[in-house]
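One file, my_file_30.cif, is given below (mmCIF, C-alpha atoms).
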data_model
loop_
_atom_site.group_PDB
_atom_site.id
_atom_site.type_symbol
_atom_site.label_atom_id
_atom_site.label_comp_id
_atom_site.auth_asym_id
_atom_site.auth_seq_id
_atom_site.Cartn_x
_atom_site.Cartn_y
_atom_site.Cartn_z
ATOM 1 C CA MET A 1 -11.392 -1.451 -1.183
ATOM 2 C CA GLU A 2 -12.617 2.110 -1.554
ATOM 3 C CA ILE A 3 -9.427 3.310 0.145
ATOM 4 C CA TRP A 4 -7.432 1.193 -2.347
ATOM 5 C CA ARG A 5 -9.266 2.633 -5.339
ATOM 6 C CA THR A 6 -9.151 6.270 -4.217
ATOM 7 C CA VAL A 7 -5.462 6.147 -3.279
ATOM 8 C CA ASN A 8 -4.444 4.492 -6.541
ATOM 9 C CA LEU A 9 -6.352 7.011 -8.629
ATOM 10 C CA LYS A 10 -4.621 9.829 -6.759
ATOM 11 C CA VAL A 11 -1.024 8.593 -6.702
ATOM 12 C CA HIS A 12 -0.975 6.801 -10.041
ATOM 13 C CA ASN A 13 -2.342 9.554 -12.239
ATOM 14 C CA PHE A 14 -0.136 8.181 -15.040
ATOM 15 C CA ILE A 15 -2.400 5.104 -15.265
ATOM 16 C CA SER A 16 -5.933 5.274 -16.639
ATOM 17 C CA GLU A 17 -8.875 4.993 -14.279
ATOM 18 C CA SER A 18 -10.161 2.045 -16.300
ATOM 19 C CA TYR A 19 -7.090 0.008 -15.272
ATOM 20 C CA TRP A 20 -8.031 0.343 -11.590
ATOM 21 C CA ASN A 21 -11.697 -0.334 -12.278
ATOM 22 C CA ASN A 22 -10.877 -3.401 -14.382
ATOM 23 C CA ASN A 23 -8.567 -4.819 -11.700
ATOM 24 C CA PHE A 24 -10.783 -4.063 -8.702
ATOM 25 C CA LEU A 25 -12.081 -7.631 -8.217
ATOM 26 C CA CYS A 26 -8.666 -9.203 -8.824
ATOM 27 C CA ILE A 27 -7.009 -6.977 -6.223
ATOM 28 C CA GLN A 28 -9.887 -7.538 -3.824
ATOM 29 C CA GLU A 29 -9.160 -11.271 -4.026
ATOM 30 C CA VAL A 30 -5.407 -10.707 -3.572
ATOM 31 C CA LEU A 31 -5.993 -8.605 -0.478
ATOM 32 C CA GLN A 32 -8.557 -11.043 0.934
ATOM 33 C CA ASN A 33 -5.894 -13.745 0.701
ATOM 34 C CA SER A 34 -3.242 -11.564 2.320
ATOM 35 C CA GLU A 35 -2.251 -11.159 5.924
ATOM 36 C CA MET A 36 -3.791 -7.802 6.817
ATOM 37 C CA TYR A 37 -2.985 -5.261 9.489
ATOM 38 C CA VAL A 38 -5.361 -2.356 9.855
ATOM 39 C CA TYR A 39 -5.202 1.023 11.497
ATOM 40 C CA GLU A 40 -8.536 1.933 13.021
ATOM 41 C CA GLU A 41 -9.869 5.001 14.725
ATOM 42 C CA GLN A 42 -13.268 4.944 16.409
ATOM 43 C CA GLY A 43 -14.052 1.642 14.708
ATOM 44 C CA LEU A 44 -13.295 3.010 11.231
ATOM 45 C CA VAL A 45 -10.468 1.612 9.101
ATOM 46 C CA VAL A 46 -8.336 4.525 7.884
ATOM 47 C CA GLY A 47 -5.363 2.492 6.669
ATOM 48 C CA TYR A 48 -4.056 -1.006 6.141
ATOM 49 C CA ILE A 49 -1.106 -3.046 4.960
ATOM 50 C CA GLY A 50 -1.397 -6.365 3.161
ATOM 51 C CA LEU A 51 1.332 -9.018 3.223
ATOM 52 C CA LYS A 52 1.904 -12.257 1.386
ATOM 53 C CA GLU A 53 4.731 -13.838 3.349
ATOM 54 C CA ASN A 54 7.501 -11.196 3.086
ATOM 55 C CA TYR A 55 5.958 -9.340 0.149
ATOM 56 C CA ILE A 56 4.100 -6.110 0.846
ATOM 57 C CA GLU A 57 0.977 -6.225 -1.309
ATOM 58 C CA GLY A 58 0.413 -2.575 -0.467
ATOM 59 C CA ILE A 59 0.023 0.100 2.163
ATOM 60 C CA PHE A 60 -3.078 2.205 1.767
ATOM 61 C CA VAL A 61 -4.165 5.147 3.886
ATOM 62 C CA ASP A 62 -7.331 7.163 3.385
ATOM 63 C CA ILE A 63 -6.413 10.192 1.266
ATOM 64 C CA PHE A 64 -7.785 12.547 3.917
ATOM 65 C CA ARG A 65 -5.519 10.980 6.558
ATOM 66 C CA GLN A 66 -2.253 10.788 4.636
ATOM 67 C CA HIS A 67 0.900 12.433 5.994
ATOM 68 C CA GLU A 68 -0.144 11.718 9.589
ATOM 69 C CA GLY A 69 2.270 8.811 10.072
ATOM 70 C CA ILE A 70 -0.356 6.063 9.743
ATOM 71 C CA GLY A 71 1.430 4.305 6.873
ATOM 72 C CA THR A 72 4.722 4.463 8.745
ATOM 73 C CA LYS A 73 3.120 2.963 11.856
ATOM 74 C CA LEU A 74 1.778 0.102 9.750
ATOM 75 C CA LEU A 75 5.145 -0.387 8.059
ATOM 76 C CA ASN A 76 7.023 -0.323 11.367
ATOM 77 C CA LYS A 77 4.651 -2.904 12.855
ATOM 78 C CA THR A 78 5.308 -5.106 9.833
ATOM 79 C CA LYS A 79 9.076 -4.700 10.274
ATOM 80 C CA GLU A 80 8.677 -6.024 13.831
ATOM 81 C CA ILE A 81 7.204 -9.303 12.602
ATOM 82 C CA ARG A 82 9.226 -9.841 9.408
ATOM 83 C CA LEU A 83 13.010 -10.027 9.115
ATOM 84 C CA LYS A 84 12.961 -9.177 5.398
ATOM 85 C CA LEU A 85 10.393 -7.343 3.347
ATOM 86 C CA PHE A 86 10.146 -6.559 -0.333
ATOM 87 C CA LEU A 87 7.668 -4.973 -2.715
ATOM 88 C CA SER A 88 7.238 -3.711 -6.256
ATOM 89 C CA LEU A 89 6.489 -0.130 -7.233
ATOM 90 C CA PHE A 90 5.778 1.702 -10.444
ATOM 91 C CA LYS A 91 8.924 3.521 -11.533
ATOM 92 C CA LYS A 92 6.883 6.679 -12.108
ATOM 93 C CA ASN A 93 5.724 6.663 -8.471
ATOM 94 C CA GLY A 94 8.679 8.699 -7.228
ATOM 95 C CA LYS A 95 7.064 9.688 -3.927
ATOM 96 C CA ALA A 96 6.561 6.065 -2.943
ATOM 97 C CA ILE A 97 10.106 5.167 -3.980
ATOM 98 C CA GLU A 98 11.512 7.952 -1.812
ATOM 99 C CA TYR A 99 9.237 6.961 1.081
ATOM 100 C CA TYR A 100 10.469 3.375 1.066
ATOM 101 C CA LYS A 101 14.103 4.436 0.674
ATOM 102 C CA LYS A 102 13.658 6.707 3.687
ATOM 103 C CA ASN A 103 12.330 3.678 5.566
ATOM 104 C CA GLY A 104 15.349 1.491 4.837
ATOM 105 C CA PHE A 105 14.389 -0.172 1.562
ATOM 106 C CA LYS A 106 16.802 -0.468 -1.355
ATOM 107 C CA ILE A 107 16.188 -0.881 -5.061
ATOM 108 C CA ILE A 108 17.391 -4.326 -6.092
ATOM 109 C CA SER A 109 16.063 -4.401 -9.663
ATOM 110 C CA GLU A 110 14.337 -2.136 -12.097
#

Output the file's structure as structure tokens, nothing else.
Amino acid sequence: MEIWRTVNLKVHNFISESYWNNNFLCIQEVLQNSEMYVYEEQGLVVGYIGLKENYIEGIFVDIFRQHEGIGTKLLNKTKEIRLKLFLSLFKKNGKAIEYYKKNGFKIISE
């Protein structure tokens, strides 16, 4: 959950920190009830993806390990086990939108 919190504070600087703090327990429950795939190195989780059926609850990679391809490895593994995937993003999160477009996703509603 610390990876979740740190990443969200970094990439969603247009949302107040209190939002993430206030939703911590709710998201913890969502992720605990999700199908999880983790990326570990030396027994330490450095990234994970959470799924609820075909919905991506989120991909989170430790901020010190981003841009190393870990998120893409997790996404590609998920694509191997799901025929269709979808997710929701904040419109202001342009980097994430471009990332998913680059990985074959299309915007279907806004």

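Distances here use only C-alpha atoms; by that measure, the residue among A:Ser34, A:Asn22, A:Thr6, A:Thr78 closest to A:Val61 is A:Thr6.
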
Between A:Glu2, A:Ser88, A:Tyr39, A:Gly94, which one has atoms that come closest to A:Ser109, using all atoms listed in the file?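 Checking each of A:Glu2, A:Ser88, A:Tyr39, A:Gly94 against A:Ser109, counting all atoms listed in the file, the winner is A:Ser88.
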
Report, in Å to a single decimal, how far apart atom CA of A:Glu68 and atom CA of A:Leu85 are. 22.7 Å

Interatomic distance, atom CA of A:Met36 to atom CA of A:Lys52 (Å, one decimal):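 So the answer is 9.0 Å.
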
Considering all atoms listed in the file, can you say which of A:Phe14, A:Val7, A:Lys106, A:Phe24 comes closest to A:Val46? A:Val7

Separation of atom CA of A:His12 from atom CA of A:Leu51 in Å: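 Taking atom CA of A:Leu51 and atom CA of A:His12, their separation equals 20.8 Å.
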
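A distance cut-off of 12 Å around (-3.0, 11.0, 4.7), counting only C-alpha atoms, selects these protein and nucleic acid residues: Ile3, Thr6, Val7, Lys10, Val11, Val46, Gly47, Ile59, Phe60, Val61, Asp62, Ile63, Phe64, Arg65, Gln66, His67, Glu68, Gly69, Ile70, Gly71 and Thr72 of chain A.
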
Carefully work through the PyMOL selection byres ((chain A and resi 28) around 12) for this structure and note down the residues it includes, as a list in words. Met1, Glu2, Ile3, Trp4, Arg5, Trp20, Asn21, Asn22, Asn23, Phe24, Leu25, Cys26, Ile27, Glu29, Val30, Leu31, Gln32, Asn33, Ser34, Gly50, Glu57 and Gly58 of chain A

Using all atoms listed in the file - which residues lie no farther than 8 Å from the point (17.4, -4.4, 1.5) in the file's frame? Write them as number ranges by chain. A: 84-86, 104-108
